[in-house]
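Structure file structure_35.txt (compact mmCIF, C-alpha atoms) follows.
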# COMPACT_ATOMS: atom_id res chain seq x y z
CA MET A 149 42.62 -48.32 13.58
CA GLN A 150 41.04 -45.88 11.16
CA ALA A 151 37.27 -45.57 11.12
CA ARG A 152 35.48 -46.59 7.99
CA GLY A 153 34.83 -43.65 5.70
CA ALA A 154 37.50 -41.45 7.31
CA LEU A 155 39.75 -39.44 4.99
CA SER A 156 43.50 -39.50 5.34
CA GLY A 157 46.55 -38.37 3.39
CA THR A 158 46.61 -35.82 0.61
CA PHE A 159 44.80 -35.78 -2.70
CA PRO A 160 46.27 -34.95 -6.12
CA PRO A 161 45.03 -31.76 -7.77
CA SER A 162 41.86 -32.19 -9.75
CA THR A 163 42.22 -32.56 -13.50
CA SER A 164 38.59 -31.63 -14.13
CA SER A 165 37.98 -28.82 -16.60
CA ARG A 166 35.09 -27.49 -14.48
CA ARG A 167 35.68 -24.04 -13.08
CA ALA A 168 35.63 -23.57 -9.34
CA PRO A 169 32.49 -21.72 -8.14
CA ARG A 170 32.89 -17.97 -7.80
CA THR A 171 32.26 -16.21 -4.53
CA PHE A 172 29.38 -13.78 -4.09
CA LEU A 173 31.79 -10.84 -4.14
CA GLU A 174 33.30 -12.03 -7.41
CA ASP A 175 29.84 -12.39 -8.92
CA MET A 176 29.06 -8.81 -7.97
CA LYS A 177 32.28 -7.49 -9.47
CA MET A 178 31.90 -9.48 -12.67
CA GLY A 179 28.84 -7.46 -13.72
CA LEU A 180 30.25 -3.99 -12.98
CA SER A 181 32.31 -1.72 -15.15
CA THR A 182 35.65 -0.29 -14.06
CA SER A 183 33.81 2.64 -12.46
CA GLY A 184 32.02 0.16 -10.21
CA THR A 185 28.64 1.90 -10.54
CA VAL A 186 27.13 0.59 -13.80
CA SER A 187 27.17 -2.77 -15.53
CA GLU A 188 29.82 -3.74 -18.06
CA ARG A 189 27.18 -3.91 -20.80
CA HIS A 190 26.02 -0.41 -19.91
CA ALA A 191 29.57 0.91 -20.25
CA ALA A 192 30.00 -0.91 -23.57
CA ALA A 193 26.71 0.51 -24.91
CA ARG A 194 27.79 4.02 -23.92
CA GLN A 195 30.98 3.63 -25.95
CA ASP A 196 29.14 2.19 -28.95
CA ALA A 197 28.80 4.98 -31.53
CA SER A 198 25.83 3.21 -33.14
CA LYS A 199 23.66 3.64 -30.02
CA VAL A 200 22.09 6.59 -28.20
CA THR A 201 20.27 6.75 -24.89
CA ALA A 202 16.57 7.51 -24.61
CA GLY A 203 17.43 10.94 -23.22
CA GLN A 204 19.71 11.76 -26.14
CA LEU A 205 17.10 10.58 -28.65
CA ALA A 206 14.36 12.60 -26.93
CA ALA A 207 16.54 15.73 -27.09
CA ARG A 208 17.08 15.18 -30.82
CA MET A 209 13.34 14.72 -31.39
CA ARG A 210 12.53 17.92 -29.48
CA ARG A 211 14.99 19.83 -31.66
CA ALA A 212 13.07 18.44 -34.65
CA GLY A 213 9.81 19.82 -33.29
CA MET A 214 8.55 16.65 -31.62
CA PRO A 215 7.89 17.34 -27.89
CA VAL A 216 8.61 14.05 -26.12
CA THR A 217 10.34 12.90 -22.96
CA ALA A 218 12.75 10.06 -22.38
CA ALA A 219 10.18 8.33 -20.17
CA GLU A 220 7.72 8.19 -23.08
CA LEU A 221 10.31 6.52 -25.33
CA ARG A 222 11.33 3.76 -22.92
CA ARG A 223 8.50 1.50 -24.01
CA TRP A 224 9.97 1.07 -27.52
CA ALA A 225 13.63 0.79 -26.52
CA PRO A 226 15.18 -2.45 -27.89
CA GLU A 227 17.63 -2.75 -24.99
CA TRP A 228 18.37 -1.46 -21.50
CA HIS A 229 21.20 -1.90 -19.00
CA HIS A 230 21.65 -1.42 -15.28
CA SER A 231 22.78 2.08 -14.34
CA GLY A 232 23.53 1.87 -10.62
CA TRP A 233 21.48 2.07 -7.46
CA ILE A 234 18.89 4.82 -7.03
CA PRO A 235 18.08 5.66 -3.40
CA GLY A 236 14.44 6.00 -2.57
CA PRO A 237 11.39 4.41 -0.95
CA ALA A 238 10.61 2.12 -3.88
CA ARG A 239 10.22 -1.49 -2.72
CA GLY A 240 11.17 -0.48 0.77
CA GLY A 241 14.56 1.01 -0.13
CA SER A 242 16.94 1.60 -3.00
CA ARG A 243 16.30 0.19 -6.46
CA MET A 244 18.38 -0.54 -9.52
CA GLY A 245 18.19 2.15 -12.19
CA ARG A 246 17.90 1.45 -15.90
CA THR A 247 19.22 3.25 -18.97
CA TYR A 248 17.46 2.61 -22.28
CA PHE A 249 19.29 2.57 -25.61
CA PHE A 250 18.15 3.02 -29.22
CA PRO A 251 19.96 2.54 -32.55
CA ILE A 252 21.28 5.88 -33.75
CA ASP A 253 19.39 5.48 -37.04
CA THR A 254 15.98 5.06 -35.34
CA ASP A 255 13.06 6.33 -37.41
CA ILE A 256 11.99 9.22 -35.18
CA GLU A 257 8.87 9.96 -37.26
CA LYS A 258 7.52 6.46 -36.66
CA LEU A 259 8.57 6.58 -33.01
CA TYR A 260 6.78 9.90 -32.52
CA ALA A 261 3.62 8.41 -34.10
CA ASN A 262 3.78 5.61 -31.53
CA VAL A 263 4.10 8.17 -28.72
CA LEU A 264 1.06 10.10 -29.98
CA ALA A 265 -0.98 6.89 -30.23
CA GLU A 266 -0.05 5.98 -26.66
CA ARG A 267 -1.04 9.44 -25.43
CA ALA A 268 -4.42 9.09 -27.15
CA ARG A 269 -4.94 5.66 -25.60
CA LYS A 270 -4.24 7.01 -22.10
CA ALA A 271 -6.56 9.97 -22.67
CA ALA A 272 -9.36 7.60 -23.70
CA ASN A 273 -8.76 5.40 -20.66
CA PRO A 274 -8.01 7.72 -17.74
CA PRO A 275 -6.84 6.11 -14.50
CA PRO A 276 -9.47 5.60 -11.80
CA PRO A 277 -9.90 8.55 -9.43
CA ALA A 278 -7.85 8.52 -6.28
CA ALA A 279 -9.56 6.92 -3.32
CA PRO A 280 -11.15 9.55 -1.06
CA ALA A 281 -9.60 10.08 2.34
CA GLY A 282 -11.31 10.12 5.69
CA ASP A 283 -14.27 8.22 7.09
CA VAL A 284 -17.99 8.28 6.32
CA VAL A 285 -21.01 7.29 8.39
CA VAL A 286 -23.29 4.79 6.64
CA HIS A 287 -26.96 4.43 7.60
CA TYR A 288 -28.36 0.91 7.26
CA GLU A 289 -31.89 -0.49 7.56
CA GLU A 290 -31.00 -3.84 9.13
CA ILE A 291 -28.32 -6.46 9.57
CA VAL A 292 -29.37 -9.37 7.39
CA ARG A 293 -26.66 -11.78 8.49
CA SER A 294 -23.46 -11.72 10.50
CA THR A 295 -20.45 -13.98 10.85
CA ARG A 296 -17.33 -13.87 12.95
CA LYS A 297 -15.52 -11.73 10.39
CA ALA A 298 -18.17 -9.69 8.55
CA ALA A 299 -21.82 -8.68 8.41
CA LEU A 300 -24.36 -8.34 5.62
CA TYR A 301 -26.07 -4.93 5.86
CA ARG A 302 -29.12 -3.70 3.96
CA VAL A 303 -28.24 -0.19 2.82
CA GLY A 304 -30.62 1.72 0.56
CA GLY A 305 -32.39 -1.50 -0.43
CA ARG A 306 -29.13 -3.23 -1.30
CA GLU A 307 -27.33 -5.95 0.64
CA VAL A 308 -23.65 -5.15 1.21
CA TRP A 309 -21.01 -7.24 2.96
CA ILE A 310 -18.69 -5.21 5.19
CA GLY A 311 -15.85 -6.83 7.10
CA ASP A 312 -15.34 -6.22 10.79
CA PHE A 313 -11.82 -4.95 10.05
CA GLN A 314 -13.33 -2.29 7.75
CA CYS A 315 -15.82 -1.05 10.34
CA ARG A 316 -14.32 1.70 12.51
CA ALA A 317 -17.38 2.21 14.72
CA HIS A 318 -20.91 0.83 15.06
CA ASP A 319 -23.87 2.58 16.66
CA TRP A 320 -26.61 0.01 17.08
CA GLN A 321 -29.17 2.50 18.35
CA ARG A 322 -28.82 4.87 15.40
CA GLN A 323 -28.16 1.99 12.99
CA THR A 324 -24.98 3.54 11.60
CA ILE A 325 -21.49 2.25 10.93
CA THR A 326 -18.36 4.29 10.34
CA ILE A 327 -16.16 3.02 7.52
CA PRO A 328 -13.34 4.52 5.41
CA ALA A 329 -14.60 6.57 2.47
CA ARG A 330 -12.47 4.36 0.24
CA VAL A 331 -14.48 1.29 1.32
CA ALA A 332 -17.78 3.11 0.74
CA GLN A 333 -16.65 3.93 -2.81
CA GLU A 334 -15.59 0.33 -3.49
CA LYS A 335 -18.94 -0.99 -2.23
CA GLY A 336 -20.85 1.47 -4.41
CA LEU A 337 -22.73 3.02 -1.50
CA ALA A 338 -24.85 5.94 -2.70
CA PRO A 339 -24.08 9.41 -1.26
CA GLU A 340 -27.60 9.69 0.19
CA ASN A 341 -26.84 6.72 2.45
CA THR A 342 -23.57 8.19 3.73
CA GLU A 343 -22.46 11.35 5.42
CA ARG A 344 -18.95 12.67 5.88
CA GLU A 345 -17.63 12.26 9.39
CA GLU A 346 -16.27 15.36 11.08
CA THR A 347 -12.71 15.92 9.89
CA ALA A 348 -11.94 18.93 12.06
CA THR A 349 -8.44 19.03 13.48
CA PRO A 350 -8.55 17.00 16.70
CA PRO A 351 -7.34 18.60 19.92
CA ALA A 352 -3.83 17.91 21.14
CA ASP A 353 -5.07 15.46 23.80
CA ASP A 354 -7.16 13.48 21.28
CA ASP A 355 -5.30 10.25 22.05
CA ARG A 356 -5.47 10.69 25.83
CA ASP A 357 -7.23 7.88 27.70
CA VAL A 358 -10.58 8.53 29.39
CA LEU A 359 -12.61 6.33 31.72
CA VAL A 360 -16.22 5.58 30.79
CA ASP A 361 -18.81 3.96 33.10
CA TYR A 362 -21.12 1.30 31.69
CA GLU A 363 -24.18 -0.32 33.21
CA ASP A 364 -24.20 -3.69 31.50
CA ILE A 365 -22.76 -5.79 28.66
CA LEU A 366 -25.66 -6.80 26.41
CA HIS A 367 -23.81 -8.80 23.78
CA CYS A 368 -20.22 -9.92 23.33
CA THR A 369 -18.28 -11.34 20.35
CA ARG A 370 -14.65 -11.92 19.53
CA GLY A 371 -14.44 -8.53 17.83
CA GLY A 372 -16.17 -6.37 20.41
CA ALA A 373 -19.10 -5.93 22.78
CA LEU A 374 -22.40 -4.08 22.99
CA TYR A 375 -22.42 -1.95 26.16
CA LEU A 376 -25.30 -0.18 27.88
CA ILE A 377 -23.99 3.31 28.69
CA ASP A 378 -26.31 6.00 30.07
CA GLY A 379 -29.30 4.08 28.73
CA ARG A 380 -27.79 3.84 25.24
CA GLN A 381 -26.56 0.74 23.44
CA VAL A 382 -23.03 1.37 22.16
CA TRP A 383 -20.89 -1.08 20.22
CA ILE A 384 -17.17 -0.86 21.03
CA HIS A 385 -14.53 -2.85 19.20
CA ASN A 386 -11.89 -4.63 21.23
CA ASN A 387 -9.23 -2.73 19.29
CA ASP A 388 -10.65 0.54 20.63
CA CYS A 389 -10.86 -0.63 24.25
CA ARG A 390 -7.53 -0.12 25.99
CA ASP A 391 -8.61 -1.51 29.34
CA TRP A 392 -11.69 -3.03 30.97
CA ASP A 393 -12.54 -3.35 34.67
CA ASP A 394 -15.53 -5.65 35.10
CA ASP A 395 -15.66 -5.19 38.88
CA SER A 396 -15.95 -1.40 38.65
CA ARG A 397 -17.69 -1.52 35.25
CA VAL A 398 -15.34 1.01 33.75
CA LEU A 399 -13.87 1.11 30.23
CA THR A 400 -10.64 2.87 29.23
CA LEU A 401 -11.02 4.37 25.75
CA PRO A 402 -9.05 6.86 23.65
CA LYS A 403 -10.70 10.25 23.83
CA ARG A 404 -11.22 10.28 20.05
CA VAL A 405 -13.25 7.03 20.30
CA ALA A 406 -15.32 8.33 23.21
CA ARG A 407 -16.00 11.53 21.27
CA ALA A 408 -16.98 9.66 18.09
CA LYS A 409 -19.47 7.55 20.04
CA GLY A 410 -20.87 10.47 22.02
CA LEU A 411 -19.59 9.16 25.34
CA LEU A 412 -17.75 12.16 26.70
CA ALA A 413 -20.77 12.92 28.91
CA ALA A 414 -20.24 9.49 30.50
CA GLU A 415 -16.57 10.22 31.15
CA VAL A 416 -15.65 9.72 34.80
CA GLY A 417 -12.01 10.79 34.74
CA SER A 418 -8.67 10.53 33.05
CA ALA A 419 -6.57 7.39 33.03

Would you mind writing the file out in structure tokens?
Amino acid sequence: MQARGALSGTFPPSTSSRRAPRTFLEDMKMGLSTSGTVSERHAAARQDASKVTAGQLAARMRRAGMPVTAAELRRWAPEWHHSGWIPGPARGGSRMGRTYFFPIDTDIEKLYANVLAERARKAANPPPPAAPAGDVVVHYEEIVRSTRKAALYRVGGREVWIGDFQCRAHDWQRQTITIPARVAQEKGLAPENTEREETATPPADDDRDVLVDYEDILHCTRGGALYLIDGRQVWIHNNDCRDWDDDSRVLTLPKRVARAKGLLAAEVGSA
């Protein structure tokens, strides 16, 4: 006995006019020219005598005494087509190139006027300066408020929020924090409240682990702890602490962190 809903026998061919779905490989081939590197529309535009590429038009304009580049003309191109894959780091890997086309009878005088206007606009609105590299040490008067993820510092009479993830180091005794120079610029911290951290080339063993003795843990949060080391209060982030032995009261820190916090005198050995 056949189960309900089971299929048996053969079926006549479909008379529907709908086309069967194409495979992924067929879809890929449909958009490529016979060379297999550019799209069919790109190949057709290349063969069209009424069109020129942006590079060809730029060369013609330079011969006419108008110094332009193809990149400057792309903005006013009425059409573009895929021109194959370009290897590179863009978007994490290769990217699809584009070729821009213009009508052969394009008014180059008007196009050149547009290019000059765009150059003037860019000159009047220069891009923001590149973010400075390195770290700076910021001096603060007090911590107004703190949360699990950030703290509100009073710096130069101003109150500035700085996230825990932006703070590279914190010296409670000296009331300083070390943050990237880029963050200091974004927060508008005045130069008189900051000082450039030493950027000398670190020694070869800068990332070597060192052991540091501590006397007590004064305060502890999810992000780090305030240790008493040689009579000093030193804040150490959990990210900087590679190991912690509460029985022996010894911390394992990278040498660069111990040096930045002035703890090399408290070093008891190498890990």

To one decimal place in Å, what is the distance between atom CA of Asp361 of chain A and atom CA of Ile377 of chain A?
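Result for atom CA of Asp361 of chain A versus atom CA of Ile377 of chain A: 6.8 Å, one decimal.
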
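Candidate residues A:Ala317, A:Val286, A:Val200, A:Val292 were compared for distance to Lys335 of chain A, and the nearest is A:Val286, using all atoms listed in the file.
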
List the spatial neighbours of Glu266 of chain A as a list of chain:residue names - criterion: any atom at most 9 Å away, only C-alpha atoms, same-chain residues fewer than 5 positions off excluded.
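Contacts, with the query itself left out: A:Glu220, A:Ala261, A:Ala271.
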
Pick from A:Ser198, A:Asn273, A:Thr247, A:Asn262, whichever lies nearest to Trp224 of chain A using only C-alpha atoms:
A:Asn262

Nearest to Lys297 of chain A among A:Arg370, A:Arg322, A:Arg404, A:Arg246, with distances taken over all atoms listed in the file: which residue is it?
A:Arg370

Length of the atom CA of Arg302 of chain A to atom CA of Ile365 of chain A vector [Å]
25.6 Å

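Using only C-alpha atoms, the nearest neighbour of Glu334 of chain A within the list A:Ile310, A:Val263, A:Ala272, A:Leu221 is A:Ile310.
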
Using all atoms listed in the file, which residue out of A:Val358, A:Ala191, A:Leu300, A:Ile256 lies closest to Arg211 of chain A?
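Of all the options, A:Ile256 lies closest to Arg211 of chain A.
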
Using atom CA of Asp388 of chain A and atom CA of His287 of chain A as the two end points, give the distance in Å to one decimal.
21.2 Å

Nearest-residue call for Gly372 of chain A, choices A:Glu257, A:Glu227, A:Asp393, A:Asp312, using all atoms listed in the file:
A:Asp312
